[in-house]
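Asker: For reference, this is data16.tsv, and it has TSV, C-alpha atoms and all ligand atoms.
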```tsv
chain	number	residue	atom	x	y	z
A	1	MET	CA	0.00	0.00	0.00
A	2	ALA	CA	2.72	2.43	1.01
A	3	ALA	CA	4.62	1.60	-2.16
A	4	PHE	CA	1.49	2.21	-4.23
A	5	HIS	CA	0.99	5.62	-2.67
A	6	ALA	CA	4.60	6.56	-3.23
A	7	ARG	CA	4.31	5.59	-6.88
A	8	VAL	CA	1.10	7.58	-7.38
A	9	ALA	CA	2.55	10.58	-5.59
A	10	MET	CA	5.50	10.61	-7.96
A	11	MET	CA	3.42	10.34	-11.10
A	12	SER	CA	3.70	13.12	-13.61
A	13	LEU	CA	2.18	13.45	-17.06
A	14	ALA	CA	5.29	11.86	-18.59
A	15	ASP	CA	4.37	8.63	-16.78
A	16	PHE	CA	1.23	8.32	-18.92
A	17	PRO	CA	2.05	6.52	-22.20
A	18	ILE	CA	-0.43	8.69	-24.12
A	19	THR	CA	1.98	11.62	-23.73
A	20	THR	CA	4.62	9.80	-25.78
A	21	ARG	CA	2.44	9.99	-28.91
A	22	TRP	CA	0.77	13.33	-28.04
A	23	PRO	CA	3.47	15.19	-26.04
A	24	ALA	CA	2.39	17.95	-23.67
A	25	GLN	CA	3.84	21.33	-24.53
A	26	HIS	CA	2.29	22.70	-21.34
A	27	PRO	CA	2.33	19.85	-18.79
A	28	ASP	CA	0.73	22.10	-16.19
A	29	ARG	CA	-2.44	22.36	-18.29
A	30	LEU	CA	-5.30	19.92	-18.68
A	31	GLN	CA	-4.67	17.74	-21.74
A	32	LEU	CA	-7.58	17.06	-24.10
A	33	TYR	CA	-7.39	14.20	-26.64
A	34	SER	CA	-10.23	14.70	-29.06
A	35	LEU	CA	-11.66	15.59	-32.44
A	36	PRO	CA	-14.58	17.97	-33.16
A	37	THR	CA	-17.27	15.26	-33.36
A	38	PRO	CA	-20.54	15.47	-31.36
A	39	ASN	CA	-18.89	13.63	-28.46
A	40	GLY	CA	-15.58	15.45	-28.77
A	41	VAL	CA	-17.02	18.97	-28.83
A	42	LYS	CA	-18.74	18.45	-25.49
A	43	GLU	CA	-15.36	18.85	-23.80
A	44	SER	CA	-13.96	21.63	-25.99
A	45	ILE	CA	-17.19	23.60	-25.51
A	46	MET	CA	-17.12	22.99	-21.75
A	47	LEU	CA	-13.45	23.94	-21.49
A	48	GLU	CA	-14.07	27.11	-23.49
A	49	GLU	CA	-17.07	27.93	-21.30
A	50	ILE	CA	-15.23	27.48	-17.99
A	51	GLY	CA	-12.02	29.14	-19.17
A	52	LEU	CA	-9.69	26.53	-17.66
A	53	PRO	CA	-6.30	26.52	-19.45
A	54	TYR	CA	-5.97	23.36	-21.54
A	55	GLU	CA	-3.98	21.86	-24.35
A	56	PRO	CA	-5.96	20.17	-27.15
A	57	HIS	CA	-4.49	17.22	-29.08
A	58	LEU	CA	-6.03	16.01	-32.32
A	59	VAL	CA	-6.74	12.28	-32.37
A	60	ASP	CA	-7.56	11.41	-35.96
A	61	ILE	CA	-10.11	8.60	-35.76
A	62	SER	CA	-10.21	8.31	-39.56
A	63	LYS	CA	-6.61	7.05	-39.21
A	64	ASN	CA	-7.56	4.77	-36.31
A	65	GLU	CA	-5.39	6.77	-33.92
A	66	SER	CA	-7.79	6.07	-31.06
A	67	TRP	CA	-6.89	2.38	-31.39
A	68	THR	CA	-3.16	2.89	-30.90
A	69	PRO	CA	-1.60	1.42	-27.72
A	70	GLU	CA	-0.84	4.94	-26.47
A	71	PHE	CA	-4.47	6.07	-26.72
A	72	LEU	CA	-5.81	2.76	-25.40
A	73	SER	CA	-3.60	3.18	-22.33
A	74	LEU	CA	-5.84	6.10	-21.34
A	75	ASN	CA	-9.14	4.85	-22.79
A	76	PRO	CA	-9.42	1.08	-23.18
A	77	ASN	CA	-12.66	1.71	-25.12
A	78	GLY	CA	-10.70	3.27	-28.02
A	79	LYS	CA	-12.86	6.35	-28.48
A	80	ILE	CA	-12.44	10.09	-28.16
A	81	PRO	CA	-12.70	12.18	-26.04
A	82	ALA	CA	-10.31	11.55	-23.16
A	83	ILE	CA	-8.51	13.91	-20.79
A	84	LEU	CA	-5.53	13.95	-18.51
A	85	ASP	CA	-5.66	16.51	-15.72
A	86	PRO	CA	-2.25	17.11	-14.13
A	87	ASP	CA	-4.06	18.67	-11.18
A	88	GLY	CA	-6.69	16.06	-10.30
A	89	PRO	CA	-8.04	15.13	-6.86
A	90	ASP	CA	-5.39	15.59	-4.13
A	91	GLY	CA	-3.25	17.40	-6.68
A	92	LYS	CA	-2.45	14.15	-8.51
A	93	PRO	CA	-2.82	13.57	-12.24
A	94	LEU	CA	-6.11	12.01	-13.29
A	95	GLY	CA	-7.00	10.42	-16.61
A	96	LEU	CA	-10.65	10.11	-17.68
A	97	PHE	CA	-12.71	8.94	-20.64
A	98	GLU	CA	-16.48	8.84	-21.41
A	99	SER	CA	-17.66	12.29	-22.41
A	100	GLY	CA	-20.43	12.48	-19.78
A	101	ALA	CA	-18.08	11.59	-16.93
A	102	ILE	CA	-15.60	14.20	-18.14
A	103	LEU	CA	-18.33	16.87	-18.19
A	104	VAL	CA	-19.34	16.02	-14.61
A	105	TYR	CA	-15.70	16.10	-13.52
A	106	LEU	CA	-15.07	19.51	-15.09
A	107	ALA	CA	-18.30	20.87	-13.61
A	108	ASP	CA	-17.37	19.62	-10.14
A	109	LYS	CA	-13.80	20.86	-10.47
A	110	THR	CA	-14.88	24.40	-11.31
A	111	GLY	CA	-18.31	24.63	-9.69
A	112	LYS	CA	-19.78	25.64	-13.04
A	113	PHE	CA	-22.68	24.47	-15.23
A	114	LEU	CA	-24.11	21.91	-12.80
A	115	PRO	CA	-26.58	23.21	-10.20
A	116	ALA	CA	-25.27	23.03	-6.63
A	117	ASP	CA	-28.67	22.29	-5.07
A	118	PRO	CA	-28.73	18.46	-4.72
A	119	ALA	CA	-32.19	17.88	-6.23
A	120	ARG	CA	-31.41	20.11	-9.20
A	121	ARG	CA	-27.99	18.55	-9.61
A	122	TYR	CA	-29.58	15.10	-9.98
A	123	GLU	CA	-32.17	16.50	-12.37
A	124	ALA	CA	-29.42	17.91	-14.56
A	125	LEU	CA	-27.60	14.57	-14.41
A	126	VAL	CA	-30.78	12.82	-15.59
A	127	TRP	CA	-30.60	14.87	-18.78
A	128	VAL	CA	-26.89	14.26	-19.18
A	129	PHE	CA	-27.57	10.50	-18.93
A	130	PHE	CA	-30.52	10.88	-21.31
A	131	GLN	CA	-28.10	12.31	-23.86
A	132	MET	CA	-25.43	9.69	-23.17
A	133	ALA	CA	-27.72	6.67	-23.21
A	134	SER	CA	-30.31	7.69	-25.79
A	135	VAL	CA	-29.67	10.78	-27.90
A	136	GLY	CA	-26.05	9.97	-28.77
A	137	PRO	CA	-26.41	6.25	-29.52
A	138	MET	CA	-29.69	6.60	-31.47
A	139	PHE	CA	-28.69	9.66	-33.52
A	140	GLY	CA	-25.33	7.99	-34.16
A	141	GLN	CA	-27.02	4.87	-35.55
A	142	LEU	CA	-29.30	6.99	-37.70
A	143	GLY	CA	-26.18	8.70	-39.06
A	144	PHE	CA	-24.73	5.30	-39.96
A	145	PHE	CA	-27.86	4.05	-41.71
A	146	HIS	CA	-28.84	7.34	-43.35
A	147	LYS	CA	-25.53	8.93	-44.30
A	148	PHE	CA	-22.64	6.50	-43.97
A	149	ALA	CA	-22.03	2.86	-44.99
A	150	GLY	CA	-25.48	1.66	-43.86
A	151	ARG	CA	-27.08	3.84	-46.55
A	152	GLU	CA	-26.29	1.13	-49.09
A	153	TYR	CA	-28.24	-1.55	-47.23
A	154	GLU	CA	-31.30	-2.60	-49.12
A	155	ASP	CA	-33.30	-3.41	-46.01
A	156	LYS	CA	-34.48	-0.03	-44.71
A	157	ARG	CA	-35.91	-1.35	-41.44
A	158	PRO	CA	-32.82	-0.50	-39.33
A	159	ARG	CA	-32.77	3.05	-40.77
A	160	ASP	CA	-36.48	3.45	-40.09
A	161	ARG	CA	-36.14	2.15	-36.56
A	162	TYR	CA	-33.41	4.67	-35.66
A	163	ARG	CA	-35.24	7.45	-37.51
A	164	ASP	CA	-38.41	6.82	-35.49
A	165	GLU	CA	-36.50	6.58	-32.23
A	166	SER	CA	-34.55	9.78	-33.01
A	167	LYS	CA	-37.78	11.58	-33.80
A	168	ARG	CA	-39.29	10.34	-30.56
A	169	LEU	CA	-36.27	11.55	-28.57
A	170	LEU	CA	-36.47	14.97	-30.23
A	171	GLY	CA	-40.09	15.02	-29.09
A	172	VAL	CA	-39.01	14.38	-25.49
A	173	LEU	CA	-36.58	17.29	-25.73
A	174	GLU	CA	-39.25	19.45	-27.36
A	175	THR	CA	-41.56	18.89	-24.41
A	176	ARG	CA	-38.80	19.51	-21.88
A	177	LEU	CA	-37.80	22.78	-23.55
A	178	ALA	CA	-41.33	24.20	-23.77
A	179	GLY	CA	-41.29	27.34	-21.61
A	180	ARG	CA	-37.61	26.84	-20.79
A	181	GLN	CA	-34.58	28.67	-22.09
A	182	TRP	CA	-32.25	25.79	-21.32
A	183	ILE	CA	-32.79	22.18	-20.26
A	184	MET	CA	-32.43	23.29	-16.62
A	185	ASP	CA	-34.57	26.44	-16.99
A	186	ASP	CA	-32.39	29.54	-16.68
A	187	ASP	CA	-29.32	27.49	-15.78
A	188	TYR	CA	-27.29	26.69	-18.85
A	189	SER	CA	-25.68	23.39	-17.86
A	190	ILE	CA	-23.69	20.37	-18.96
A	191	ALA	CA	-27.02	18.86	-20.06
A	192	ASP	CA	-27.19	21.51	-22.81
A	193	ILE	CA	-23.48	21.18	-23.56
A	194	ALA	CA	-23.85	17.40	-23.96
A	195	THR	CA	-26.83	17.66	-26.29
A	196	LEU	CA	-26.29	20.71	-28.51
A	197	GLY	CA	-23.60	19.16	-30.71
A	198	TRP	CA	-25.67	16.04	-31.33
A	199	VAL	CA	-28.78	17.91	-32.45
A	200	ARG	CA	-26.68	20.19	-34.65
A	201	ASN	CA	-24.97	17.19	-36.19
A	202	LEU	CA	-28.20	15.28	-36.80
A	203	ILE	CA	-29.70	18.00	-38.96
A	204	GLY	CA	-26.37	19.18	-40.38
A	205	PHE	CA	-23.64	16.65	-41.12
A	206	TYR	CA	-25.97	13.62	-40.99
A	207	GLY	CA	-28.45	15.34	-43.32
A	208	ALA	CA	-31.43	13.99	-41.37
A	209	ARG	CA	-33.35	17.28	-40.96
A	210	GLU	CA	-36.24	16.24	-43.19
A	211	ILE	CA	-36.55	12.61	-42.18
A	212	VAL	CA	-36.86	13.50	-38.49
A	213	ASP	CA	-39.28	16.34	-39.25
A	214	PHE	CA	-37.08	18.84	-37.49
A	215	ASP	CA	-38.98	21.82	-38.88
A	216	SER	CA	-42.18	20.68	-37.21
A	217	LEU	CA	-40.49	21.43	-33.84
A	218	LYS	CA	-40.50	24.81	-32.17
A	219	HIS	CA	-38.59	24.73	-28.90
A	220	VAL	CA	-35.66	22.52	-29.91
A	221	PRO	CA	-34.70	24.70	-32.92
A	222	ALA	CA	-34.94	27.87	-30.78
A	223	TRP	CA	-32.78	26.26	-28.07
A	224	LEU	CA	-30.25	25.11	-30.65
A	225	GLU	CA	-30.02	28.61	-32.06
A	226	ARG	CA	-29.51	30.07	-28.58
A	227	GLY	CA	-26.81	27.53	-27.85
A	228	LEU	CA	-24.99	28.03	-31.12
A	229	ALA	CA	-25.00	31.79	-30.54
A	230	ARG	CA	-22.73	31.36	-27.50
A	231	PRO	CA	-19.15	32.35	-28.40
A	232	ALA	CA	-17.68	29.47	-26.36
A	233	VAL	CA	-19.85	26.99	-28.27
A	234	GLN	CA	-18.71	28.43	-31.59
A	235	ARG	CA	-15.05	28.16	-30.54
A	236	GLY	CA	-15.47	24.70	-29.07
A	237	LEU	CA	-17.03	23.32	-32.25
A	238	ASP	CA	-13.69	23.82	-34.00
A	239	ILE	CA	-11.30	22.43	-31.35
A	240	PRO	CA	-8.98	20.64	-31.81
A	241	LYS	CA	-8.54	22.04	-35.30
A	242	ARG	CA	-8.66	19.29	-37.90
A	243	GLY	CA	-5.25	18.90	-39.53
B	301	LIG	N1	-19.69	6.81	-25.00
B	301	LIG	C1	-18.52	7.43	-25.55
B	301	LIG	C2	-18.64	7.42	-27.06
B	301	LIG	C3	-17.45	8.08	-27.72
B	301	LIG	C4	-17.47	7.89	-29.23
B	301	LIG	O1	-18.34	7.19	-29.79
B	301	LIG	N2	-16.50	8.51	-29.93
B	301	LIG	C5	-16.40	8.36	-31.37
B	301	LIG	C6	-16.38	9.72	-32.05
B	301	LIG	S1	-17.83	10.67	-31.73
B	301	LIG	C7	-15.09	7.67	-31.71
B	301	LIG	O2	-14.07	7.93	-31.11
B	301	LIG	N3	-15.08	6.76	-32.70
B	301	LIG	C8	-13.88	6.14	-33.17
B	301	LIG	C9	-14.03	4.69	-33.46
B	301	LIG	O3	-15.00	4.08	-33.00
B	301	LIG	O4	-13.14	4.17	-34.15
B	301	LIG	C10	-18.40	8.87	-25.02
B	301	LIG	O5	-19.44	9.50	-24.87
B	301	LIG	O6	-17.27	9.32	-24.76
```
What is this file in structure tokens?
Ligand SMILES: N[C@@H](CCC(=O)N[C@@H](CS)C(=O)NCC(=O)O)C(=O)O
Answerer:
Amino acid sequence: MAAFHARVAMMSLADFPITTRWPAQHPDRLQLYSLPTPNGVKESIMLEEIGLPYEPHLVDISKNESWTPEFLSLNPNGKIPAILDPDGPDGKPLGLFESGAILVYLADKTGKFLPADPARRYEALVWVFFQMASVGPMFGQLGFFHKFAGREYEDKRPRDRYRDESKRLLGVLETRLAGRQWIMDDDYSIADIATLGWVRNLIGFYGAREIVDFDSLKHVPAWLERGLARPAVQRGLDIPKRG
């Protein structure tokens, strides 16, 4: 036990294999390993919003860089985003993956964008989990079957299934946002940050605007516009810059 503690205490960023492939120019700053995809931009938007100094590293998933041993040493699930915070709990470095967990960590670290009141905190987390477990996976599958390789499949039932489920989820958001500026009323939160990029991507890059009847909605489009008007969101959508 004592030996373990001594080892942890001595750890610096250089002890994390990911830094051999993506070296830290500023080892005192939080390191972000990402790409501006709907999951990746959650963290760049959050980091821009909170103003914490950080160093972004581009992980090119089209070149399978997230499956390299160096990346897998930080995220065994082989997917962006991941972070390494040199100043984690007790001042020790902390590595994290899973975009929702990273958002919660950054919110707790800075006391921003997650309500402090316990009941409201859990309510906000419900919507973060709703994005993580439903919006992201369903919209992502619709992207595959509507825009990417799955488009060629003759059998349209998978596409239709994810289209219907995506539409249904947009309806849930529509109801939640009726009479609200943000998902948590006047509190812009990590629930919005988690979800904005996915809705933008669904109707933009995935080209699914018509098939999910986006223009029949009122509150979701207005919320999206409000979100996209935030300067930190605009900056975050382009970080790390694609090579
Ligand atoms: N549940 C994960 C999902 C992350 C994820 O799916 N990342 C995608 C990009 S948006 C990725 O890295 N894909 C690369 C691959 O699968 O090869 C999270 O939220 O962090």
Asker: To one decimal in Å, tell me the separation between CA of Gly40 in chain A and CA of Gly236 in chain A.
Answerer: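 The value is 9.3 Å.
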Asker: For ligand LIG 301 (chain B), list the contacting residues at 8 Å or closer, counting all atoms listed in the file, as a PDB file with C-alpha atoms, keeping the file's coordinate frame.
Answerer:
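Final output, out_14.pdb:
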```pdb
ATOM      1  CA  LEU A  35     -11.660  15.590 -32.440  1.00  0.00           C
ATOM      2  CA  THR A  37     -17.270  15.260 -33.360  1.00  0.00           C
ATOM      3  CA  PRO A  38     -20.540  15.470 -31.360  1.00  0.00           C
ATOM      4  CA  ASN A  39     -18.890  13.630 -28.460  1.00  0.00           C
ATOM      5  CA  GLY A  40     -15.580  15.450 -28.770  1.00  0.00           C
ATOM      6  CA  ILE A  61     -10.110   8.600 -35.760  1.00  0.00           C
ATOM      7  CA  SER A  62     -10.210   8.310 -39.560  1.00  0.00           C
ATOM      8  CA  ASN A  64      -7.560   4.770 -36.310  1.00  0.00           C
ATOM      9  CA  SER A  66      -7.790   6.070 -31.060  1.00  0.00           C
ATOM     10  CA  TRP A  67      -6.890   2.380 -31.390  1.00  0.00           C
ATOM     11  CA  GLY A  78     -10.700   3.270 -28.020  1.00  0.00           C
ATOM     12  CA  LYS A  79     -12.860   6.350 -28.480  1.00  0.00           C
ATOM     13  CA  ILE A  80     -12.440  10.090 -28.160  1.00  0.00           C
ATOM     14  CA  PRO A  81     -12.700  12.180 -26.040  1.00  0.00           C
ATOM     15  CA  ALA A  82     -10.310  11.550 -23.160  1.00  0.00           C
ATOM     16  CA  PHE A  97     -12.710   8.940 -20.640  1.00  0.00           C
ATOM     17  CA  GLU A  98     -16.480   8.840 -21.410  1.00  0.00           C
ATOM     18  CA  SER A  99     -17.660  12.290 -22.410  1.00  0.00           C
ATOM     19  CA  GLY A 100     -20.430  12.480 -19.780  1.00  0.00           C
ATOM     20  CA  MET A 132     -25.430   9.690 -23.170  1.00  0.00           C
ATOM     21  CA  GLY A 136     -26.050   9.970 -28.770  1.00  0.00           C
TER      22      GLY A 136
END
```
Asker: Mind giving me the axis-aligned box for range 124-130 of chain A with 5 Å on every side, centre plus edges in Å to one decimal, as lines of an AutoDock Vina configuration file?
Answerer:
```
center_x = -28.8
center_y = 14.2
center_z = -17.9
size_x = 13.9
size_y = 17.4
size_z = 16.9
```
Asker: I'd like a table as a Markdown table: residues in range 49-94 of chain A with an atom no more than 8 Å from range 12-19 of chain A, each row giving the shortest atom pair and its distance in Å to one decimal, all atoms listed in the file counted, sorted by chain and rising residue number.
Answerer:
```
| residue | atom | partner | partner_atom | distance |
| --- | --- | --- | --- | --- |
| A:Glu70 | CA | A:Ile18 | CA | 4.4 |
| A:Phe71 | CA | A:Ile18 | CA | 5.5 |
| A:Ser73 | CA | A:Pro17 | CA | 6.6 |
| A:Leu74 | CA | A:Ile18 | CA | 6.6 |
| A:Leu84 | CA | A:Leu13 | CA | 7.9 |
| A:Pro86 | CA | A:Leu13 | CA | 6.5 |
| A:Pro93 | CA | A:Ser12 | CA | 6.7 |
```
Asker: Please identify all polymer residues within 12 Å of Phe129 in chain A, counting all atoms listed in the file, omitting same-chain residues fewer than 3 positions from it, and present them as a list in words.
Answerer: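 My reading of the contact set: Glu98, Ser99, Gly100, Ala101, Leu103, Val104, Tyr122, Glu123, Ala124, Leu125, Val126, Met132, Ala133, Ser134, Val135, Gly136, Pro137, Ile190, Ala191, Asp192, Ala194 and Thr195 of chain A.
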Asker: Taking all atoms listed in the file into account, which of A:Arg226, A:Arg159, A:His146, A:His57 comes nearest His26 in chain A?
Answerer: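 Among the listed residues, the smallest separation from His26 in chain A belongs to A:His57.
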Asker: List the neighbours of Phe214 in chain A out to 12 Å using only C-alpha atoms; skip same-chain residues closer than 2 positions along the sequence, and give me the result as a PyMOL selection string.
Answerer: chain A and resi 163+166-171+173-174+199-200+202-204+207-212+216-222+224
Asker: By how many Å are CA of Arg161 in chain A and CA of Lys147 in chain A apart?
Answerer: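 These atoms are spaced 14.8 Å apart.
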Asker: Between A:Gln141, A:Trp223, A:Val233, A:Phe148, single out the one closest to Leu177 in chain A, counting only C-alpha atoms.
Answerer: A:Trp223
Asker: Given all atoms listed in the file as the basis, pick out the residue of A:Thr68, A:Ile83, A:Leu228, A:Gln131 nearest to Pro56 in chain A.
Answerer: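 When distances to Pro56 in chain A are compared using all atoms listed in the file, the smallest one comes from A:Ile83.
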Asker: Rank nothing, just name the residue among A:Arg235, A:Arg176, A:Lys63, A:Lys156 nearest to Glu43 in chain A, using only C-alpha atoms.
Answerer: A:Arg235
Asker: Report, in Å with one decimal, the straight-line distance from CA of Ala24 in chain A to CA of Leu237 in chain A.
Answerer: 21.9 Å
Asker: Looking at A:Ala116, A:Tyr206, A:Phe130, A:Leu96, which one is nearest to Arg151 in chain A, with distances taken over all atoms listed in the file?
Answerer: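 Smallest separation from Arg151 in chain A among the options: A:Tyr206.
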Asker: Could you check which residues have any atom within 10 Å of (-13.0, 21.5, -13.2), counting only C-alpha atoms with coordinates taken straight from the file, and then list them as a list in words?
Answerer: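 Residues close enough to count: Leu30, Met46, Leu47, Ile50, Gly51, Leu52, Asp85, Asp87, Gly88, Ile102, Leu103, Val104, Tyr105, Leu106, Ala107, Asp108, Lys109, Thr110, Gly111 and Lys112 of chain A.
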Asker: Would you mind telling me which residue in A:Pro240, A:Tyr153, A:Phe144, A:Gln234 lies nearest to Gln31 in chain A when using only C-alpha atoms?
Answerer: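 Nearest to Gln31 in chain A: A:Pro240.
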Asker: Need the shell around Asp187 in chain A: protein/DNA/RNA residues with any atom at most 9 Å away, counting all atoms listed in the file. Skip same-chain ones fewer than 2 positions apart. Format as a list in words?
Answerer: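 Once the adjacent positions are removed, what remains is Phe113, Leu114, Pro115, Gln181, Trp182, Ile183, Met184, Asp185 and Ser189 of chain A.
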Asker: Would you export the selected residues with C-alpha atoms as an mmCIF file, keeping the file's coordinate frame, please?
Answerer:
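Generated file (result10.cif):
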```
data_model
loop_
_atom_site.group_PDB
_atom_site.id
_atom_site.type_symbol
_atom_site.label_atom_id
_atom_site.label_comp_id
_atom_site.auth_asym_id
_atom_site.auth_seq_id
_atom_site.Cartn_x
_atom_site.Cartn_y
_atom_site.Cartn_z
ATOM 1 C CA PHE A 113 -22.680 24.470 -15.230
ATOM 2 C CA LEU A 114 -24.110 21.910 -12.800
ATOM 3 C CA PRO A 115 -26.580 23.210 -10.200
ATOM 4 C CA GLN A 181 -34.580 28.670 -22.090
ATOM 5 C CA TRP A 182 -32.250 25.790 -21.320
ATOM 6 C CA ILE A 183 -32.790 22.180 -20.260
ATOM 7 C CA MET A 184 -32.430 23.290 -16.620
ATOM 8 C CA ASP A 185 -34.570 26.440 -16.990
ATOM 9 C CA SER A 189 -25.680 23.390 -17.860
#
```
